[in-house]
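J.: Next comes the structure file query.pdb, holding PDB, C-alpha atoms, pLDDT in the B column.
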ATOM      1  CA  MET A   1     -13.526  10.618  12.732  1.00 92.00           C
ATOM      2  CA  SER A   2     -10.213  12.248  13.574  1.00 95.00           C
ATOM      3  CA  ASN A   3      -9.632  15.993  13.251  1.00 97.00           C
ATOM      4  CA  ARG A   4      -7.181  15.327  10.392  1.00 96.00           C
ATOM      5  CA  GLU A   5      -9.898  13.420   8.528  1.00 96.00           C
ATOM      6  CA  LYS A   6     -12.349  16.260   9.199  1.00 97.00           C
ATOM      7  CA  VAL A   7      -9.883  18.779   7.722  1.00 98.00           C
ATOM      8  CA  LYS A   8      -9.377  16.564   4.679  1.00 97.00           C
ATOM      9  CA  ASN A   9     -13.133  16.165   4.123  1.00 97.00           C
ATOM     10  CA  LEU A  10     -13.698  19.892   4.605  1.00 98.00           C
ATOM     11  CA  MET A  11     -11.020  20.841   2.078  1.00 98.00           C
ATOM     12  CA  VAL A  12     -12.287  18.313  -0.475  1.00 98.00           C
ATOM     13  CA  ASP A  13     -15.856  19.593  -0.065  1.00 97.00           C
ATOM     14  CA  VAL A  14     -15.102  23.325  -0.035  1.00 97.00           C
ATOM     15  CA  PHE A  15     -12.681  23.318  -2.947  1.00 97.00           C
ATOM     16  CA  LEU A  16     -14.390  20.586  -4.992  1.00 96.00           C
ATOM     17  CA  LEU A  17     -11.279  18.420  -5.001  1.00 96.00           C
ATOM     18  CA  ASP A  18     -11.082  14.803  -5.968  1.00 94.00           C
ATOM     19  CA  ALA A  19      -9.978  12.860  -2.880  1.00 91.00           C
ATOM     20  CA  ALA A  20      -6.849  11.793  -4.783  1.00 94.00           C
ATOM     21  CA  GLU A  21      -5.885  15.465  -5.265  1.00 93.00           C
ATOM     22  CA  PHE A  22      -5.797  16.165  -1.526  1.00 97.00           C
ATOM     23  CA  ARG A  23      -2.483  16.298   0.353  1.00 97.00           C
ATOM     24  CA  PHE A  24      -1.727  17.683   3.791  1.00 97.00           C
ATOM     25  CA  ASP A  25       0.994  19.837   2.182  1.00 97.00           C
ATOM     26  CA  LEU A  26      -1.434  21.272  -0.405  1.00 97.00           C
ATOM     27  CA  ARG A  27      -1.005  25.035  -0.921  1.00 97.00           C
ATOM     28  CA  ARG A  28      -3.561  27.646  -1.921  1.00 96.00           C
ATOM     29  CA  SER A  29      -1.631  28.412  -5.098  1.00 96.00           C
ATOM     30  CA  GLU A  30      -2.194  24.816  -6.261  1.00 96.00           C
ATOM     31  CA  VAL A  31      -5.995  24.927  -5.956  1.00 96.00           C
ATOM     32  CA  GLU A  32      -7.845  26.768  -8.700  1.00 94.00           C
ATOM     33  CA  THR A  33     -11.041  27.102  -6.656  1.00 94.00           C
ATOM     34  CA  TRP A  34      -9.236  28.576  -3.600  1.00 96.00           C
ATOM     35  CA  ASP A  35     -10.119  32.173  -4.403  1.00 96.00           C
ATOM     36  CA  SER A  36     -11.639  34.888  -2.203  1.00 94.00           C
ATOM     37  CA  MET A  37     -14.994  33.113  -2.109  1.00 95.00           C
ATOM     38  CA  GLY A  38     -13.154  29.921  -1.233  1.00 96.00           C
ATOM     39  CA  VAL A  39     -11.597  31.684   1.752  1.00 96.00           C
ATOM     40  CA  VAL A  40     -15.064  32.631   2.996  1.00 96.00           C
ATOM     41  CA  ALA A  41     -16.411  29.124   2.371  1.00 97.00           C
ATOM     42  CA  LEU A  42     -13.437  27.626   4.224  1.00 97.00           C
ATOM     43  CA  ALA A  43     -13.960  29.927   7.226  1.00 97.00           C
ATOM     44  CA  VAL A  44     -17.655  29.000   7.350  1.00 97.00           C
ATOM     45  CA  GLY A  45     -16.776  25.324   7.008  1.00 98.00           C
ATOM     46  CA  ILE A  46     -14.298  25.535   9.883  1.00 98.00           C
ATOM     47  CA  GLN A  47     -16.972  27.147  12.048  1.00 97.00           C
ATOM     48  CA  GLU A  48     -19.533  24.488  11.131  1.00 97.00           C
ATOM     49  CA  THR A  49     -17.155  21.527  11.401  1.00 97.00           C
ATOM     50  CA  PHE A  50     -15.045  22.509  14.394  1.00 97.00           C
ATOM     51  CA  GLY A  51     -17.125  25.201  16.131  1.00 96.00           C
ATOM     52  CA  HIS A  52     -14.342  27.787  15.941  1.00 95.00           C
ATOM     53  CA  HIS A  53     -14.733  31.221  14.386  1.00 95.00           C
ATOM     54  CA  LEU A  54     -11.821  32.573  12.353  1.00 95.00           C
ATOM     55  CA  SER A  55     -11.055  36.268  12.334  1.00 95.00           C
ATOM     56  CA  PRO A  56     -10.792  37.844   8.882  1.00 94.00           C
ATOM     57  CA  GLU A  57      -7.031  38.068   9.426  1.00 95.00           C
ATOM     58  CA  GLU A  58      -6.779  34.362  10.256  1.00 95.00           C
ATOM     59  CA  ALA A  59      -8.911  33.353   7.278  1.00 95.00           C
ATOM     60  CA  THR A  60      -7.017  35.427   4.726  1.00 95.00           C
ATOM     61  CA  ALA A  61      -3.626  34.341   6.084  1.00 96.00           C
ATOM     62  CA  ILE A  62      -4.292  30.660   5.353  1.00 97.00           C
ATOM     63  CA  ALA A  63      -1.940  29.620   2.565  1.00 97.00           C
ATOM     64  CA  GLY A  64      -2.263  25.866   2.844  1.00 97.00           C
ATOM     65  CA  VAL A  65      -3.754  22.911   4.660  1.00 98.00           C
ATOM     66  CA  GLN A  66      -1.048  23.006   7.333  1.00 97.00           C
ATOM     67  CA  ASP A  67      -2.084  26.572   8.204  1.00 98.00           C
ATOM     68  CA  VAL A  68      -5.631  25.345   8.892  1.00 98.00           C
ATOM     69  CA  ILE A  69      -4.275  22.663  11.209  1.00 97.00           C
ATOM     70  CA  ASP A  70      -1.953  25.141  12.956  1.00 97.00           C
ATOM     71  CA  ILE A  71      -4.798  27.602  13.591  1.00 97.00           C
ATOM     72  CA  LEU A  72      -7.041  24.863  14.957  1.00 97.00           C
ATOM     73  CA  ARG A  73      -4.240  23.592  17.210  1.00 96.00           C
ATOM     74  CA  LYS A  74      -3.882  27.109  18.634  1.00 96.00           C
ATOM     75  CA  LYS A  75      -7.619  27.010  19.360  1.00 95.00           C
ATOM     76  CA  GLY A  76      -7.118  23.828  21.397  1.00 95.00           C
ATOM     77  CA  LEU A  77      -7.884  21.019  18.964  1.00 95.00           C
ATOM     78  CA  ALA A  78      -5.640  17.958  18.919  1.00 96.00           C
ATOM     79  CA  PHE A  79      -4.152  16.577  15.715  1.00 93.00           C
ATOM     80  CA  GLU A  80      -2.269  13.313  15.732  1.00 81.00           C
ATOM     81  CA  ASP A  81       0.645  13.392  13.314  1.00 62.00           C
TER      82      ASP A  81
END
Can you give me the file's structure in the form of structure tokens?

T.:
Amino acid sequence: MSNREKVKNLMVDVFLLDAAEFRFDLRRSEVETWDSMGVVALAVGIQETFGHHLSPEEATAIAGVQDVIDILRKKGLAFED
């Protein structure tokens, strides 16, 4: 499974999205379940899925799916576009 697919699956699972609702340009403001608890759940999911810990600043700064990918790229993960 590619890292992009892992991000998609993580976001669908954490935010209880229907797979058809997911887009790589999805923003936090568009997801009703992406609240403060969602931020924590996303950070835990990133740790469990990718093995990378997010600082509180990184986690709270995430405003969309692309931000997740950008953070993981900075931590050395490859994402094919």

J.: Compare A:Glu58, A:Glu5, A:Glu80, A:Glu48 by their minimum atom-to-atom distance to Arg23 (chain A), counting only C-alpha atoms, and give me the closest one.

T.: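 Closest to Arg23 (chain A), using only C-alpha atoms: A:Glu5.
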
J.: Taking the file as shown, find all residues satisfying the PyMOL selection byres ((chain A and resi 50) around 9) and write them as a list in words.

T.: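 Going through the file, the PyMOL selection byres ((chain A and resi 50) around 9) ends up selecting Asn3, Lys6, Gly45, Ile46, Gln47, Glu48, Thr49, Gly51, His52, His53, Leu72 and Leu77 of chain A.
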
J.: Interatomic distance between CA of Met1 (chain A) and CA of Thr33 (chain A)?

T.: 25.6 Å

J.: As an exercise, work out the distance from CA of Ala78 (chain A) to CA of Glu32 (chain A) in Å and give it to one decimal place.

T.: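 CA of Glu32 (chain A) lies at a distance of 29.1 Å from CA of Ala78 (chain A).
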
J.: Find, counting only C-alpha atoms, the residue in A:Glu21, A:Leu54, A:Trp34, A:Arg28 that gets nearest to Asn9 (chain A).

T.: A:Glu21

J.: Return the single residue from A:Val7, A:Val44, A:Met37, A:Ala20 that is closest to Val68 (chain A), with distances computed using only C-alpha atoms.

T.: A:Val7

J.: One decimal, in Å: what's the spacing between CA of Val12 (chain A) and CA of Arg27 (chain A)?

T.: 13.1 Å

J.: How would region 48-60 of chain A read, as a compact mmCIF listing (two decimals), in the coordinates of the input, once N, CA and C atoms are built in?

T.:
# COMPACT_ATOMS: atom_id res chain seq x y z
N GLU A 48 -18.52 25.54 11.08
CA GLU A 48 -19.53 24.49 11.13
C GLU A 48 -18.96 23.14 11.57
N THR A 49 -17.76 22.83 11.13
CA THR A 49 -17.16 21.53 11.40
C THR A 49 -16.52 21.46 12.78
N PHE A 50 -15.83 22.54 13.16
CA PHE A 50 -15.04 22.51 14.39
C PHE A 50 -15.58 23.44 15.49
N GLY A 51 -16.55 24.30 15.14
CA GLY A 51 -17.12 25.20 16.13
C GLY A 51 -16.22 26.35 16.53
N HIS A 52 -15.26 26.69 15.66
CA HIS A 52 -14.34 27.79 15.94
C HIS A 52 -14.45 28.84 14.85
N HIS A 53 -14.64 30.07 15.30
CA HIS A 53 -14.73 31.22 14.39
C HIS A 53 -13.33 31.70 14.04
N LEU A 54 -13.09 31.98 12.77
CA LEU A 54 -11.82 32.57 12.35
C LEU A 54 -12.01 34.07 12.17
N SER A 55 -11.03 34.84 12.62
CA SER A 55 -11.06 36.27 12.33
C SER A 55 -10.77 36.45 10.84
N PRO A 56 -11.13 37.60 10.29
CA PRO A 56 -10.79 37.84 8.88
C PRO A 56 -9.28 37.72 8.62
N GLU A 57 -8.49 38.15 9.58
CA GLU A 57 -7.03 38.07 9.43
C GLU A 57 -6.56 36.62 9.38
N GLU A 58 -7.13 35.78 10.26
CA GLU A 58 -6.78 34.36 10.26
C GLU A 58 -7.18 33.70 8.94
N ALA A 59 -8.40 33.99 8.50
CA ALA A 59 -8.91 33.35 7.28
C ALA A 59 -8.08 33.72 6.05
N THR A 60 -7.75 35.00 5.92
CA THR A 60 -7.02 35.43 4.73
C THR A 60 -5.54 35.05 4.78
